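To be precise, the following lines are coords.cif, and they hold mmCIF, C-alpha atoms.
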```
data_input
loop_
_atom_site.label_atom_id
_atom_site.label_comp_id
_atom_site.auth_asym_id
_atom_site.auth_seq_id
_atom_site.Cartn_x
_atom_site.Cartn_y
_atom_site.Cartn_z
CA MET A 44 26.77 -60.21 56.20
CA PHE A 45 23.52 -58.73 54.93
CA ASP A 46 22.84 -55.60 52.93
CA SER A 47 19.18 -55.63 53.92
CA ILE A 48 16.73 -57.55 56.03
CA VAL A 49 13.04 -57.19 55.22
CA THR A 50 10.40 -58.41 57.65
CA ILE A 51 6.63 -58.31 57.34
CA GLY A 52 5.71 -58.53 61.03
CA ASN A 53 1.98 -59.10 61.48
CA LEU A 54 0.83 -57.87 58.06
CA SER A 55 -1.96 -59.68 56.29
CA THR A 56 -1.01 -62.33 53.77
CA GLY A 57 -4.62 -62.86 52.69
CA SER A 58 -5.70 -62.28 49.11
CA ASN A 59 -7.58 -59.11 48.27
CA GLY A 60 -9.14 -60.74 45.24
CA PRO A 61 -8.04 -61.57 41.71
CA GLY A 62 -5.20 -59.33 40.50
CA LYS A 63 -4.71 -57.74 43.93
CA ASN A 64 -1.68 -57.98 46.18
CA SER A 65 -1.99 -58.82 49.83
CA GLN A 66 -0.80 -56.16 52.25
CA ALA A 67 2.32 -58.22 53.02
CA VAL A 68 3.21 -58.68 49.35
CA SER A 69 2.84 -54.97 48.67
CA VAL A 70 5.05 -54.04 51.63
CA LEU A 71 7.63 -56.64 50.59
CA GLU A 72 7.67 -55.24 47.03
CA HIS A 73 8.15 -51.73 48.45
CA GLU A 74 11.02 -52.75 50.74
CA ILE A 75 12.73 -54.97 48.15
CA ASP A 76 12.67 -52.04 45.69
CA GLU A 77 14.50 -50.03 48.35
CA ALA A 78 16.98 -52.81 49.13
CA LEU A 79 17.85 -52.89 45.41
CA GLY A 80 18.47 -49.13 45.33
CA GLY A 81 15.11 -47.69 44.33
CA GLY A 82 12.85 -45.36 46.22
CA GLY A 83 13.80 -44.18 49.71
CA SER A 84 17.21 -45.81 49.98
CA GLY A 85 17.98 -44.88 46.38
CA THR A 86 18.71 -41.33 47.50
CA THR A 87 21.52 -40.03 49.65
CA LEU A 88 20.26 -36.44 49.63
CA GLY A 89 20.02 -35.00 53.11
CA GLU A 90 22.48 -37.49 54.58
CA SER A 91 25.75 -36.40 56.18
CA VAL A 92 27.66 -37.64 53.12
CA THR A 93 26.83 -34.90 50.63
CA SER A 94 29.39 -35.77 47.97
CA THR A 95 27.53 -38.84 46.76
CA ILE A 96 24.36 -39.22 44.76
CA GLY A 97 22.21 -42.33 45.05
CA PRO A 98 20.96 -44.30 42.03
CA THR A 99 17.53 -42.63 41.85
CA ASP A 100 18.92 -39.14 42.50
CA PHE A 101 20.13 -38.94 38.88
CA TYR A 102 16.48 -38.98 37.75
CA ARG A 103 15.15 -36.17 39.99
CA TYR A 104 14.05 -33.03 38.12
CA HIS A 105 12.55 -29.73 39.25
CA SER A 106 8.97 -28.71 38.41
CA THR A 107 7.78 -25.12 38.18
CA THR A 108 4.22 -26.13 39.08
CA SER A 109 2.64 -27.74 42.16
CA ASP A 110 2.66 -31.08 40.34
CA CYS A 111 4.93 -32.53 37.68
CA SER A 112 3.16 -30.90 34.73
CA GLY A 113 5.82 -28.16 34.80
CA ILE A 114 8.85 -30.46 34.85
CA THR A 115 12.10 -28.89 33.65
CA SER A 116 15.52 -30.20 32.67
CA THR A 117 16.97 -28.76 35.92
CA PRO A 118 18.12 -31.50 38.32
CA SER A 119 16.54 -31.40 41.78
CA TYR A 120 19.12 -32.32 44.41
CA THR A 121 17.40 -30.65 47.34
CA THR A 122 15.57 -31.88 50.43
CA ASN A 123 13.51 -28.69 50.61
CA SER A 124 9.91 -29.73 51.32
CA SER A 125 8.56 -26.86 49.18
CA GLU A 126 10.41 -28.19 46.11
CA ILE A 127 8.42 -30.25 43.59
CA SER A 128 10.74 -32.99 42.44
CA CYS A 129 9.74 -35.40 39.68
CA TYR A 130 11.16 -38.72 38.44
CA SER A 131 12.11 -38.54 34.76
CA ILE A 132 14.15 -40.95 32.64
CA ASP A 133 14.50 -38.61 29.65
CA GLY A 134 16.34 -35.66 31.19
CA GLY A 135 13.28 -33.85 32.50
CA LYS A 136 11.23 -33.86 29.29
CA THR A 137 8.47 -36.03 30.73
CA SER A 138 7.67 -36.97 34.30
CA LEU A 139 7.13 -40.52 35.46
CA VAL A 140 5.83 -39.61 38.93
CA GLN A 141 6.27 -36.99 41.64
CA MET A 142 8.90 -37.70 44.32
CA ASN A 143 8.33 -37.31 48.06
CA GLN A 144 10.08 -34.25 49.53
CA ASN A 145 8.60 -34.67 53.02
CA HIS A 146 10.28 -36.45 55.95
CA SER A 147 7.30 -36.04 58.28
CA SER A 148 4.93 -38.83 59.27
CA ASN A 149 7.71 -41.42 58.93
CA ALA A 150 7.45 -41.13 55.15
CA ASP A 151 10.44 -42.23 53.10
CA PHE A 152 12.19 -39.28 51.49
CA GLY A 153 12.85 -40.18 47.86
CA ASP A 154 9.89 -42.53 47.48
CA PHE A 155 7.10 -41.56 45.14
CA ALA A 156 4.58 -39.06 46.51
CA SER A 157 0.96 -40.12 47.02
CA VAL A 158 -0.17 -38.74 43.68
CA ALA A 159 -0.62 -42.06 41.91
CA ALA A 160 -1.34 -45.65 42.87
CA ASN A 161 2.11 -47.15 43.18
CA ILE A 162 4.06 -49.58 45.32
CA GLN A 163 6.86 -47.13 46.12
CA ASP A 164 4.36 -44.77 47.80
CA ALA A 165 6.04 -42.79 50.61
CA PHE A 166 2.88 -42.54 52.67
CA ASP A 167 1.20 -45.92 52.19
CA PRO A 168 3.60 -48.78 51.45
CA GLY A 169 0.74 -51.13 52.34
CA ALA A 170 -1.28 -50.01 49.31
CA THR A 171 -2.34 -52.80 46.97
CA PRO A 172 -1.33 -51.81 43.42
CA VAL A 173 0.06 -54.60 41.28
CA TYR A 174 3.74 -54.48 40.21
CA THR A 175 3.69 -54.79 36.41
CA SER A 176 5.82 -53.74 33.44
CA VAL A 177 3.77 -50.52 33.18
CA SER A 178 4.07 -49.52 36.85
CA PRO A 179 6.39 -46.61 37.67
CA GLU A 180 8.44 -48.92 39.91
CA PHE A 181 9.27 -51.19 36.97
CA THR A 182 10.59 -48.21 35.00
CA MET A 183 12.48 -46.95 38.07
CA MET A 184 14.20 -50.30 38.59
CA ALA A 185 15.08 -50.52 34.88
CA SER A 186 16.51 -46.99 34.93
CA ILE A 187 18.89 -47.85 37.76
CA GLY A 188 20.13 -50.98 35.99
CA TRP A 189 17.91 -53.90 36.98
CA ASP A 190 16.71 -54.71 33.45
CA VAL A 191 19.98 -55.62 31.74
CA PRO A 192 22.16 -58.60 32.64
CA GLU A 193 25.80 -57.91 33.32
CA PRO A 194 28.12 -58.39 30.31
CA ALA A 195 29.82 -61.23 32.16
CA THR A 196 26.51 -63.13 32.24
CA PHE A 197 26.27 -63.03 28.43
CA ALA A 198 29.94 -64.03 28.04
CA LEU A 199 29.49 -66.95 30.45
CA PHE A 200 26.38 -68.12 28.61
CA MET A 201 28.08 -67.93 25.21
CA GLY A 202 31.12 -69.79 26.61
CA ALA A 203 28.84 -72.55 27.86
CA VAL A 204 27.10 -72.84 24.48
CA ALA A 205 30.47 -72.99 22.69
CA GLY A 206 31.71 -75.61 25.16
CA LEU A 207 28.61 -77.76 24.61
CA GLY A 208 29.06 -77.48 20.84
CA TRP A 209 32.72 -78.50 21.12
CA MET A 210 31.83 -81.49 23.34
CA ARG A 211 29.13 -82.57 20.89
CA SER A 212 31.52 -82.40 17.93
CA ARG A 213 34.15 -84.46 19.85
CA HIS A 214 31.50 -87.05 20.67
CA ALA A 215 30.34 -87.21 17.02
CA ARG A 216 33.92 -87.76 15.80
CA SER A 217 34.54 -90.59 18.26
CA VAL A 218 31.44 -92.55 17.25
#
```

Whole structure given in structure tokens:
Amino acid sequence: MFDSIVTIGNLSTGSNGPGKNSQAVSVLEHEIDEALGGGGSGTTLGESVTSTIGPTDFYRYHSTTSDCSGITSTPSYTTNSSEISCYSIDGGKTSLVQMNQNHSSNADFGDFASVAANIQDAFDPGATPVYTSVSPEFTMMASIGWDVPEPATFALFMGAVAGLGWMRSRHARSV
């Protein structure tokens, strides 16, 4: 069973030059972000199930201006296309990027609006920005939990280290 299947179809895999993604790589990055809960699929607003909030919905804040310069601490859980919704990881104090509030033109609702060069762009997922630790997508993925290993991972690692130490001490005593 699959949670997601991402295909690239006939997109270009050619290089656009040093430090540039190919069209296929950019689209794959966009769709993998969504498969992991970011961007378009990270929102459940406007779906028939209205009692749930997707992982990126917790970071949507209202702006009083036509861009995110007027971001407020008021959550924005609306699909109204006249609403300016902004992604913020500090409770609406600062905006990371404007969110798409438009379903037209096959754009992904909940992706980032075309106001900055980013991979999670609702209107041009084939754009060629590079995914780095300073891109808004990196911060988005970290904010929904993709930057911290699960506690069980740390416990398993520490158990393995302790087990190796115990085996080494048993071997040293037998020699």

### Task
Go through A:Cys129, A:Asp190, A:Thr95, A:Thr87 and flag the residue nearest Thr107 (chain A), using only C-alpha atoms for the distances.
A:Cys129

### Task
Quick one: pull the distance between CA of Ala185 (chain A) and CA of Ser125 (chain A), Å, one decimal.
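Between CA of Ala185 (chain A) and CA of Ser125 (chain A) the gap works out to 28.4 Å.
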
### Query
CA of Ala165 (chain A) to CA of Gly83 (chain A): how many Å, to one decimal?
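About the pair CA of Ala165 (chain A) and CA of Gly83 (chain A): they are 7.9 Å apart.
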
Could you give me the axis-aligned bounding box of region 65-78 of chain A, with 5 Å of padding per side, as centre plus edge lengths in Å to one decimal, as AutoDock Vina command-line options?
```
--center_x 7.5 --center_y -54.4 --center_z 49.4 --size_x 29.0 --size_y 18.8 --size_z 17.3
```

### Message
With distances taken over all atoms listed in the file, which residue among A:Pro118, A:Gly153, A:Gly208, A:Gly135 lies nearest Gly97 (chain A)?
### Response
A:Gly153

### Query
Residues picked by the PyMOL selection byres ((chain A and resi 72-77) around 9) here, as JSON, numbers by chain?
{"A": [47, 49, 50, 67, 68, 69, 70, 71, 78, 79, 80, 81, 82, 83, 84, 85, 154, 162, 163, 164, 168, 169, 174, 180, 184]}

Based on the selection just made, write C-alpha atoms of those residues as a short mmCIF file (atom, residue, chain, number, x, y, z; two decimals), in the frame of the given file.
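Just written: selection.cif:
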```
data_model
loop_
_atom_site.label_atom_id
_atom_site.label_comp_id
_atom_site.auth_asym_id
_atom_site.auth_seq_id
_atom_site.Cartn_x
_atom_site.Cartn_y
_atom_site.Cartn_z
CA SER A 47 19.18 -55.63 53.92
CA VAL A 49 13.04 -57.19 55.22
CA THR A 50 10.40 -58.41 57.65
CA ALA A 67 2.32 -58.22 53.02
CA VAL A 68 3.21 -58.68 49.35
CA SER A 69 2.84 -54.97 48.67
CA VAL A 70 5.05 -54.04 51.63
CA LEU A 71 7.63 -56.64 50.59
CA ALA A 78 16.98 -52.81 49.13
CA LEU A 79 17.85 -52.89 45.41
CA GLY A 80 18.47 -49.13 45.33
CA GLY A 81 15.11 -47.69 44.33
CA GLY A 82 12.85 -45.36 46.22
CA GLY A 83 13.80 -44.18 49.71
CA SER A 84 17.21 -45.81 49.98
CA GLY A 85 17.98 -44.88 46.38
CA ASP A 154 9.89 -42.53 47.48
CA ILE A 162 4.06 -49.58 45.32
CA GLN A 163 6.86 -47.13 46.12
CA ASP A 164 4.36 -44.77 47.80
CA PRO A 168 3.60 -48.78 51.45
CA GLY A 169 0.74 -51.13 52.34
CA TYR A 174 3.74 -54.48 40.21
CA GLU A 180 8.44 -48.92 39.91
CA MET A 184 14.20 -50.30 38.59
#
```

### Task
Name the residues in contact with Ser112 (chain A) at a cut-off of 9 Å, using all atoms listed in the file, excluding same-chain residues fewer than 4 positions from it; report them as an MDAnalysis selection string.
chainID A and resid 106:108 137:138

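Computed from the coordinates, the CA of Tyr102 (chain A) to CA of Gly134 (chain A) distance equals 7.4 Å.
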
#### Entry: Gln144 (chain A) environment, 8 Å, all atoms listed in the file, sequence neighbours closer than 2 positions dropped, as a ChimeraX atom specification
/A:122-128,142,146,152-153,156

### Message
Just checking: using only C-alpha atoms, which residue out of A:Gly113, A:Ile48, A:Ala198, A:Ser119 ends up closest to Thr86 (chain A)?
### Response
A:Ser119

### Task
Please evaluate the PyMOL selection byres ((chain A and resi 179) around 10) against the structure above and give the resulting residues as a list in words.
Tyr130, Leu139, Val140, Phe155, Ala159, Ala160, Asn161, Ile162, Gln163, Tyr174, Thr175, Ser176, Val177, Ser178, Glu180, Phe181, Thr182, Met183, Met184 and Ala185 of chain A
